[in-house]
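Q: This is data17.txt, which holds compact mmCIF, C-alpha atoms and all ligand atoms:
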```
# COMPACT_ATOMS: atom_id res chain seq x y z
CA MET T 663 103.00 99.57 101.11
CA ALA T 664 105.69 98.53 103.57
CA TYR T 665 104.87 99.86 107.01
CA GLU T 666 107.53 101.24 109.37
CA ASN T 667 105.36 102.98 111.97
CA ILE T 668 102.40 100.66 112.28
CA ILE T 669 101.75 96.92 112.39
CA VAL T 670 98.83 95.71 110.28
CA SER T 671 97.12 92.34 110.61
CA THR T 672 93.72 90.70 110.37
CA GLU T 673 91.82 88.38 112.65
CA GLY T 674 88.80 86.86 110.94
CA GLY T 675 86.70 89.73 109.67
CA VAL T 676 88.53 92.29 111.80
CA GLY T 677 91.34 94.55 110.57
CA LEU T 678 93.92 95.46 113.20
CA ILE T 679 96.24 98.47 113.15
CA GLN T 680 98.79 98.84 115.93
CA LEU T 681 100.59 102.17 116.23
CA ASN T 682 104.24 101.28 116.59
CA ARG T 683 106.61 104.08 117.56
CA PRO T 684 107.04 102.96 121.17
CA LYS T 685 110.17 105.09 121.80
CA ALA T 686 108.16 108.25 121.03
CA LEU T 687 105.05 106.97 122.85
CA ASN T 688 103.42 106.52 119.43
CA ALA T 689 103.55 110.24 118.64
CA LEU T 690 101.62 110.62 115.41
CA SER T 691 104.16 111.73 112.82
CA THR T 692 103.06 112.56 109.28
CA ALA T 693 104.71 109.34 108.07
CA MET T 694 102.70 107.33 110.59
CA VAL T 695 99.41 108.96 109.63
CA ILE T 696 100.09 108.35 105.91
CA GLU T 697 100.67 104.67 106.71
CA LEU T 698 97.55 104.58 108.88
CA ASN T 699 95.50 106.00 106.02
CA ALA T 700 96.88 103.41 103.60
CA ALA T 701 96.02 100.61 106.03
CA LEU T 702 92.53 102.02 106.59
CA ASP T 703 91.99 102.21 102.81
CA GLY T 704 93.16 98.61 102.47
CA PHE T 705 90.59 97.44 105.03
CA GLU T 706 87.90 99.68 103.54
CA GLN T 707 88.38 98.01 100.16
CA ASN T 708 88.63 94.48 101.57
CA ASP T 709 85.17 92.87 101.44
CA GLY T 710 86.25 90.34 104.06
CA ILE T 711 86.72 93.03 106.70
CA GLY T 712 83.71 94.26 108.65
CA ALA T 713 85.31 96.27 111.45
CA ILE T 714 88.66 97.87 112.23
CA ILE T 715 90.58 98.25 115.49
CA ILE T 716 93.27 100.88 116.05
CA THR T 717 95.40 100.36 119.12
CA GLY T 718 98.76 101.31 120.60
CA ASN T 719 100.75 99.59 123.30
CA GLU T 720 100.44 99.25 127.07
CA LYS T 721 102.02 102.63 127.82
CA ALA T 722 100.50 104.75 125.08
CA PHE T 723 97.76 104.75 122.52
CA ALA T 724 99.42 107.91 121.21
CA ALA T 725 100.94 110.84 123.13
CA GLY T 726 99.90 113.38 120.51
CA ALA T 727 101.07 114.75 117.22
CA ASP T 728 104.85 114.65 116.90
CA VAL T 729 106.11 117.76 118.69
CA ARG T 730 109.57 117.39 117.13
CA GLU T 731 108.02 117.58 113.68
CA MET T 732 105.95 120.69 114.56
CA LYS T 733 108.32 122.72 116.71
CA ASP T 734 110.05 124.81 114.04
CA LYS T 735 107.22 125.20 111.57
CA THR T 736 106.04 128.70 110.73
CA PHE T 737 102.54 129.88 109.85
CA ALA T 738 103.61 129.98 106.19
CA ASP T 739 104.84 126.37 106.41
CA VAL T 740 101.70 124.93 107.97
CA LYS T 741 99.42 126.98 105.70
CA SER T 742 101.18 126.16 102.43
CA GLU T 743 101.48 122.44 103.13
CA ASN T 744 98.05 122.35 104.84
CA PHE T 745 99.91 120.69 107.70
CA LEU T 746 98.30 117.51 109.03
CA HIS T 747 95.45 117.54 106.50
CA SER T 748 96.16 113.81 106.13
CA TRP T 749 94.55 113.38 109.57
CA ASP T 750 91.12 114.04 108.04
CA HIS T 751 91.17 110.87 105.96
CA ILE T 752 89.80 108.70 108.75
CA ASN T 753 86.47 110.52 108.26
CA ASN T 754 86.13 108.91 104.81
CA ILE T 755 86.15 105.36 106.16
CA THR T 756 82.65 103.88 106.11
CA LYS T 757 83.43 100.75 108.16
CA PRO T 758 83.29 101.03 111.96
CA ILE T 759 86.56 101.84 113.68
CA ILE T 760 87.21 100.97 117.32
CA ALA T 761 89.99 102.70 119.24
CA ALA T 762 91.37 100.33 121.88
CA VAL T 763 93.16 102.68 124.27
CA SER T 764 95.71 101.74 126.90
CA GLY T 765 97.92 104.32 128.60
CA PHE T 766 98.26 107.84 127.22
CA ALA T 767 95.85 109.23 124.63
CA LEU T 768 96.98 112.83 124.61
CA GLY T 769 96.51 115.75 122.29
CA GLY T 770 96.29 114.46 118.74
CA GLY T 771 96.20 110.93 120.18
CA CYS T 772 93.03 111.75 122.08
CA GLU T 773 91.64 113.52 119.00
CA PHE T 774 92.46 110.53 116.83
CA ALA T 775 90.61 108.23 119.22
CA LEU T 776 87.68 110.66 119.15
CA ALA T 777 87.64 110.42 115.34
CA CYS T 778 87.05 106.66 115.71
CA ASP T 779 83.50 105.39 116.19
CA ILE T 780 83.88 103.65 119.56
CA ILE T 781 86.55 104.00 122.22
CA ILE T 782 87.15 101.06 124.53
CA ALA T 783 89.63 101.84 127.29
CA ALA T 784 91.89 99.88 129.59
CA GLU T 785 91.72 100.88 133.26
CA THR T 786 95.17 102.42 132.71
CA ALA T 787 94.00 104.79 129.97
CA LYS T 788 94.56 108.53 130.43
CA PHE T 789 93.11 111.22 128.23
CA SER T 790 94.00 114.89 127.90
CA LEU T 791 94.26 117.75 125.46
CA PRO T 792 97.50 119.46 126.55
CA GLU T 793 97.89 121.60 123.41
CA THR T 794 97.33 124.93 125.19
CA SER T 795 100.35 124.13 127.38
CA LEU T 796 102.41 123.96 124.15
CA GLY T 797 101.22 127.27 122.79
CA ILE T 798 98.66 125.91 120.33
CA ILE T 799 95.05 124.73 120.48
CA PRO T 800 93.71 121.28 119.65
CA GLY T 801 93.78 121.08 115.85
CA ALA T 802 92.55 117.64 114.85
CA GLY T 803 88.92 118.07 115.85
CA GLY T 804 89.36 118.25 119.63
CA THR T 805 87.51 121.51 120.15
CA GLN T 806 84.58 120.26 118.07
CA ARG T 807 84.32 116.56 118.84
CA LEU T 808 85.03 116.80 122.55
CA LEU T 809 82.20 119.31 122.98
CA ARG T 810 79.82 117.07 121.07
CA ALA T 811 80.88 113.97 122.99
CA LEU T 812 81.18 115.39 126.52
CA GLY T 813 79.33 118.72 126.54
CA LYS T 814 80.69 122.23 127.04
CA ALA T 815 81.58 122.03 130.74
CA LYS T 816 83.91 119.06 130.49
CA ALA T 817 85.28 120.07 127.08
CA MET T 818 86.25 123.56 128.31
CA ASP T 819 87.73 122.08 131.49
CA MET T 820 89.88 119.61 129.55
CA ILE T 821 90.92 122.04 126.81
CA LEU T 822 91.65 125.08 128.99
CA THR T 823 93.26 123.34 131.96
CA HIS T 824 94.76 120.38 130.03
CA ARG T 825 93.79 118.22 133.01
CA MET T 826 94.41 114.51 132.45
CA ILE T 827 91.36 112.35 133.10
CA ASP T 828 91.48 108.67 133.90
CA ALA T 829 89.49 105.87 132.30
CA GLY T 830 86.74 106.00 134.93
CA GLU T 831 86.12 109.72 134.43
CA ALA T 832 86.31 109.24 130.66
CA GLU T 833 83.60 106.59 130.86
CA ARG T 834 81.40 108.65 133.18
CA SER T 835 81.78 111.62 130.80
CA GLY T 836 80.81 109.65 127.72
CA LEU T 837 84.22 109.79 126.08
CA VAL T 838 84.65 106.01 126.14
CA SER T 839 82.00 103.33 125.89
CA ARG T 840 83.61 100.66 128.08
CA VAL T 841 86.47 100.31 130.54
CA VAL T 842 88.08 96.90 130.92
CA PRO T 843 91.07 95.48 132.84
CA ALA T 844 94.28 96.27 130.96
CA ASP T 845 95.07 92.63 130.24
CA GLN T 846 91.61 92.14 128.72
CA LEU T 847 91.68 95.16 126.39
CA MET T 848 92.49 93.43 123.11
CA LYS T 849 90.31 90.42 123.93
CA GLU T 850 87.34 92.71 124.58
CA ALA T 851 88.06 94.94 121.58
CA LEU T 852 88.37 91.92 119.30
CA ALA T 853 85.14 90.43 120.64
CA MET T 854 83.36 93.73 120.06
CA ALA T 855 84.80 94.08 116.56
CA ALA T 856 84.04 90.46 115.65
CA LYS T 857 80.45 90.91 116.76
CA ILE T 858 80.09 93.97 114.51
CA ALA T 859 81.92 92.28 111.63
CA GLY T 860 79.48 89.36 111.87
CA LEU T 861 76.53 91.63 111.10
CA SER T 862 75.47 92.59 107.59
CA HIS T 863 78.12 95.03 106.34
CA PRO T 864 75.75 97.36 104.45
CA VAL T 865 73.51 97.54 107.52
CA VAL T 866 76.44 98.42 109.79
CA LYS T 867 77.63 101.07 107.33
CA ALA T 868 74.16 102.61 107.21
CA ALA T 869 73.98 102.68 111.02
CA LYS T 870 77.38 104.38 111.21
CA GLN T 871 76.38 106.87 108.50
CA ALA T 872 73.18 107.78 110.34
CA VAL T 873 74.82 108.19 113.76
CA LYS T 874 77.67 110.27 112.33
CA ALA T 875 75.18 112.46 110.49
CA ALA T 876 73.51 113.24 113.82
CA GLU T 877 76.63 115.24 114.76
CA GLU T 878 76.20 117.46 111.73
CA LEU T 879 72.53 117.70 110.81
CA PRO T 880 69.52 119.45 112.31
CA LEU T 881 67.11 116.90 113.86
CA SER T 882 64.56 117.00 111.03
CA ALA T 883 67.24 116.40 108.39
CA GLY T 884 68.78 113.63 110.49
CA LEU T 885 65.42 111.93 110.93
CA LYS T 886 64.82 112.18 107.17
CA LEU T 887 68.21 110.58 106.48
CA GLU T 888 67.45 107.82 108.99
CA ARG T 889 64.08 107.18 107.33
CA ASP T 890 65.64 107.03 103.84
CA LEU T 891 68.32 104.65 105.08
CA ILE T 892 65.96 102.28 106.87
CA HIS T 893 63.67 102.21 103.83
CA SER T 894 66.66 101.24 101.68
CA MET T 895 67.39 98.31 104.03
CA PHE T 896 64.21 96.62 102.82
CA ASP T 897 65.91 96.05 99.48
CA LEU T 898 68.61 93.94 101.16
CA HIS T 899 68.82 90.19 101.12
CA ASP T 900 70.11 90.49 104.69
CA GLN T 901 66.89 92.17 105.88
CA LYS T 902 64.88 89.23 104.58
CA GLU T 903 67.37 86.78 106.07
CA GLY T 904 67.59 88.57 109.43
CA MET T 905 63.85 88.65 109.94
CA ALA T 906 63.29 85.12 108.61
CA ALA T 907 65.99 83.80 110.94
CA PHE T 908 64.36 85.52 113.91
CA LEU T 909 60.98 83.96 113.16
CA GLU T 910 62.54 80.54 112.51
CA LYS T 911 64.55 80.79 115.76
CA ARG T 912 67.91 80.31 114.06
CA THR T 913 71.10 82.32 113.57
CA PRO T 914 70.96 84.52 110.45
CA LYS T 915 73.41 83.94 107.61
CA PHE T 916 74.19 87.40 106.33
CA GLU T 917 75.62 87.79 102.83
CA ASN T 918 76.41 91.50 102.96
CA ARG T 919 73.93 92.32 100.24
N1 LIG A 1001 105.87 114.15 120.26
C1 LIG A 1001 107.13 113.76 120.13
N2 LIG A 1001 107.76 113.01 121.04
C2 LIG A 1001 107.08 112.64 122.12
C3 LIG A 1001 105.72 113.02 122.32
C4 LIG A 1001 105.10 113.82 121.31
N3 LIG A 1001 103.82 114.19 121.39
N4 LIG A 1001 105.31 112.51 123.50
C5 LIG A 1001 106.35 111.84 124.02
N5 LIG A 1001 107.40 111.91 123.18
C6 LIG A 1001 108.74 111.35 123.36
C7 LIG A 1001 109.53 112.11 124.42
O1 LIG A 1001 110.11 113.28 123.84
C8 LIG A 1001 110.55 111.07 124.80
O2 LIG A 1001 111.54 111.03 123.82
P1 LIG A 1001 113.12 110.97 124.22
O3 LIG A 1001 113.33 112.15 125.09
O4 LIG A 1001 113.24 109.66 124.98
O5 LIG A 1001 113.85 110.98 122.91
C9 LIG A 1001 109.76 109.77 124.72
O6 LIG A 1001 108.63 110.04 123.90
C10 LIG A 1001 109.25 109.28 126.07
O7 LIG A 1001 108.56 110.37 126.67
P2 LIG A 1001 108.87 110.86 128.17
O8 LIG A 1001 110.30 110.65 128.52
O9 LIG A 1001 108.32 112.24 128.29
O10 LIG A 1001 107.99 109.83 129.00
P3 LIG A 1001 107.29 110.03 130.38
O11 LIG A 1001 106.76 108.71 130.77
O12 LIG A 1001 108.21 110.74 131.34
O13 LIG A 1001 106.07 111.04 130.10
C11 LIG A 1001 104.16 111.83 128.89
C12 LIG A 1001 105.01 110.61 129.33
C13 LIG A 1001 103.09 111.31 127.92
C14 LIG A 1001 103.45 112.44 130.11
C15 LIG A 1001 105.06 112.88 128.23
O14 LIG A 1001 105.85 112.22 127.22
C16 LIG A 1001 104.30 113.99 127.57
O15 LIG A 1001 103.79 114.89 128.22
N6 LIG A 1001 104.25 113.97 126.20
C17 LIG A 1001 103.74 115.05 125.39
C18 LIG A 1001 102.24 115.06 125.39
C19 LIG A 1001 101.70 116.23 124.60
O16 LIG A 1001 101.95 117.41 124.90
N7 LIG A 1001 100.94 115.88 123.55
C20 LIG A 1001 100.32 116.88 122.70
C21 LIG A 1001 101.19 117.16 121.51
S1 LIG A 1001 100.53 118.49 120.53
C22 LIG A 1001 97.06 119.82 113.89
C23 LIG A 1001 96.41 118.68 114.31
C24 LIG A 1001 96.75 118.12 115.53
C25 LIG A 1001 97.71 118.70 116.34
C26 LIG A 1001 98.36 119.84 115.89
C27 LIG A 1001 98.02 120.42 114.68
N8 LIG A 1001 96.74 120.43 112.57
C28 LIG A 1001 95.70 119.77 111.77
C29 LIG A 1001 97.47 121.49 112.10
C30 LIG A 1001 98.02 118.05 117.58
C31 LIG A 1001 98.92 118.53 118.44
C32 LIG A 1001 99.38 117.71 119.56
O17 LIG A 1001 99.01 116.58 119.76
```
Using structure tokens, write down the structure from this file.
Ligand code: DAK

A:
Amino acid sequence: MAYENIIVSTEGGVGLIQLNRPKALNALSTAMVIELNAALDGFEQNDGIGAIIITGNEKAFAAGADVREMKDKTFADVKSENFLHSWDHINNITKPIIAAVSGFALGGGCEFALACDIIIAAETAKFSLPETSLGIIPGAGGTQRLLRALGKAKAMDMILTHRMIDAGEAERSGLVSRVVPADQLMKEALAMAAKIAGLSHPVVKAAKQAVKAAEELPLSAGLKLERDLIHSMFDLHDQKEGMAAFLEKRTPKFENR
């Protein structure tokens, strides 16, 4: 697929997707999300890729869903075309996805980052859910994921007042895992992704599956899933290799099996 709205590349075992509609502050149009999904599928199917980074540019990760595209749609339109259902596809990706956020991550842009597994933010990052100011509510998981990530108090504050929070507040609230100087963002994100990609891929996938399940399952069911998954690790070559390497005081050579 030829991409017009994103730039796709690889660096070692890391797949990189850069949102690339700078004139619209990377507003997430349907065309862009379809391209994003194709790129994610490509990395998902590529055995050489162990982690994925989604990023924007200095000014914006993404300033939301494309308001121009939505403005004139009616209820019948959005219902019949199941408008923006393509946004759900990211949930099917089993490899870890890091959102490297600089500048604005607003509305759907913030929700898209939340749908990733880790958010690393530049000091310049700004997050908000301004949908209520546009006469809608967050529709790409914001009301659900923000509450789970930040708790009710902060989620209600952000959703009902559409207050913009900076990177420091986002880190203190648990929205982002790390804040780094803006000029170090991609270096840090790549180092993080390379570290993950260097681990055993089936082990990383199992860890992601278990943590994601914790958002959905009751504790007893989550603990059962975790137990089943860790038991299955003992069938892996990489479990034998990882533990042998530890005891032999050497670096493990994982084979992703
Ligand atoms: N959509 C379309 N264009 C956008 C945009 C957006 N979200 N954000 C910015 N742009 C465009 C601006 O219109 C402008 O275009 P021109 O006028 O130059 O043609 C260009 O980007 C530069 O923006 P500004 O001139 O406004 O730049 P400033 O630096 O002055 O301001 C800003 C930056 C980020 C504060 C401002 O652009 C802004 O407030 N942007 C809108 C942020 C926003 O309200 N985002 C939420 C959008 S609603 C759903 C799932 C998800 C959603 C909906 C449904 N379903 C599953 C059904 C999600 C909804 C949203 O995200």

Q: Within 9 Å of ligand LIG 1001 (chain A), counting all atoms listed in the file, which protein or nucleic acid residues do you find, written as an MDAnalysis selection string?

A: chainID T and resid 683:691 721:722 724:732 740:741 744:750 765:774 790:796 798:804

Q: For T:Ile752, which residue out of T:Leu702, T:Leu861, T:Ile781, T:Leu808 is the nearest one, using only C-alpha atoms?

A: T:Leu702

Q: In Å, how far is it from atom CA of T:Ile892 to atom CA of T:Ala872?

A: 9.7 Å

Q: So which one's closest to T:Gln806, T:Glu878, T:Asp828, T:Glu706, T:Glu833? Using only C-alpha atoms, please.

A: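 Once distances to T:Gln806 are computed over only C-alpha atoms, the minimum belongs to T:Glu878.
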
Q: Compile the contact shell of stretch 663-674 of chain T as a tab-separated table (two decimals) with C-alpha atoms, in the coordinates of the input: residues with an atom at most 10 Å away, counting all atoms listed in the file, same-chain residues fewer than 4 positions apart removed.

A:
```tsv
chain	number	residue	atom	x	y	z
T	678	LEU	CA	93.92	95.46	113.20
T	679	ILE	CA	96.24	98.47	113.15
T	680	GLN	CA	98.79	98.84	115.93
T	681	LEU	CA	100.59	102.17	116.23
T	682	ASN	CA	104.24	101.28	116.59
T	683	ARG	CA	106.61	104.08	117.56
T	684	PRO	CA	107.04	102.96	121.17
T	688	ASN	CA	103.42	106.52	119.43
T	690	LEU	CA	101.62	110.62	115.41
T	691	SER	CA	104.16	111.73	112.82
T	693	ALA	CA	104.71	109.34	108.07
T	694	MET	CA	102.70	107.33	110.59
T	695	VAL	CA	99.41	108.96	109.63
T	696	ILE	CA	100.09	108.35	105.91
T	697	GLU	CA	100.67	104.67	106.71
T	698	LEU	CA	97.55	104.58	108.88
T	700	ALA	CA	96.88	103.41	103.60
T	701	ALA	CA	96.02	100.61	106.03
T	702	LEU	CA	92.53	102.02	106.59
T	704	GLY	CA	93.16	98.61	102.47
T	705	PHE	CA	90.59	97.44	105.03
T	710	GLY	CA	86.25	90.34	104.06
T	711	ILE	CA	86.72	93.03	106.70
T	712	GLY	CA	83.71	94.26	108.65
T	714	ILE	CA	88.66	97.87	112.23
T	715	ILE	CA	90.58	98.25	115.49
T	716	ILE	CA	93.27	100.88	116.05
T	717	THR	CA	95.40	100.36	119.12
T	718	GLY	CA	98.76	101.31	120.60
T	852	LEU	CA	88.37	91.92	119.30
T	855	ALA	CA	84.80	94.08	116.56
T	856	ALA	CA	84.04	90.46	115.65
T	859	ALA	CA	81.92	92.28	111.63
T	860	GLY	CA	79.48	89.36	111.87
```

Q: When distances are computed from only C-alpha atoms, which of T:Glu743, T:Glu720, T:Glu785, T:Asp890 shows the smallest separation from T:Ala832?

A: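 The shortest atom-to-atom distance to T:Ala832 comes from T:Glu785.
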
Q: Would you please work out which residue, of T:Ala787, T:Met820, T:Ala811, T:Ala876, is nearest to T:Arg840 when using only C-alpha atoms?

A: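 The shortest atom-to-atom distance to T:Arg840 comes from T:Ala787.
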
Q: Can you pull out every residue within 12 Å of T:Ser894, counting all atoms listed in the file, but drop anything in the same chain fewer than 3 positions away, and send it as a ChimeraX atom specification?

A: /T:864-865,868-869,887-891,897-901,919

Q: In Å, how far is it from atom CA of T:Lys886 to atom CA of T:Thr805?

A: 27.8 Å

Q: What separation in Å, quoted to one decimal, exists between atom CA of T:Gln871 and atom CA of T:Arg807?

A: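 Going from atom CA of T:Gln871 over to atom CA of T:Arg807, I get 16.2 Å.
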
Q: Just checking: using only C-alpha atoms, which residue out of T:Phe737, T:Ile759, T:Phe723, T:Gly836 ends up closest to T:Ile858?

A: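 Ranked by minimum distance to T:Ile858, first place goes to T:Ile759.
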
Q: Residues near T:Ala851, anyone? I mean within 7 Å using only C-alpha atoms, not counting same-chain ones fewer than 4 positions away, as a list in words.

A: Ala762, Ile782, Leu847 and Ala855 of chain T

Q: Taking only C-alpha atoms into account, name the residue in T:Lys902, T:Lys814, T:Lys867, T:Lys733 that is nearest to T:Pro914.

A: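 Closest to T:Pro914, using only C-alpha atoms: T:Lys902.
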
Q: Could you name the residues that touch T:Gly830 at 10 Å or less, counting only C-alpha atoms, but leaving out those on the same chain fewer than 4 positions away, as a list in words?

A: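 Residues near the query, excluding close chain neighbours: Ala783, Ala784, Glu785, Thr786, Ala787, Lys788, Arg834, Ser835, Leu837, Val838, Arg840 and Val841 of chain T.
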
Q: Work out where the centre of an axis-aligned box around every listed atom of stretch 880-889 of chain T lies and how long its edges are once 6 Å is added on each side; give both in Å to one decimal as AutoDock Vina command-line options.

A:
```
--center_x 66.8 --center_y 113.3 --center_z 110.2 --size_x 17.4 --size_y 24.3 --size_z 19.4
```
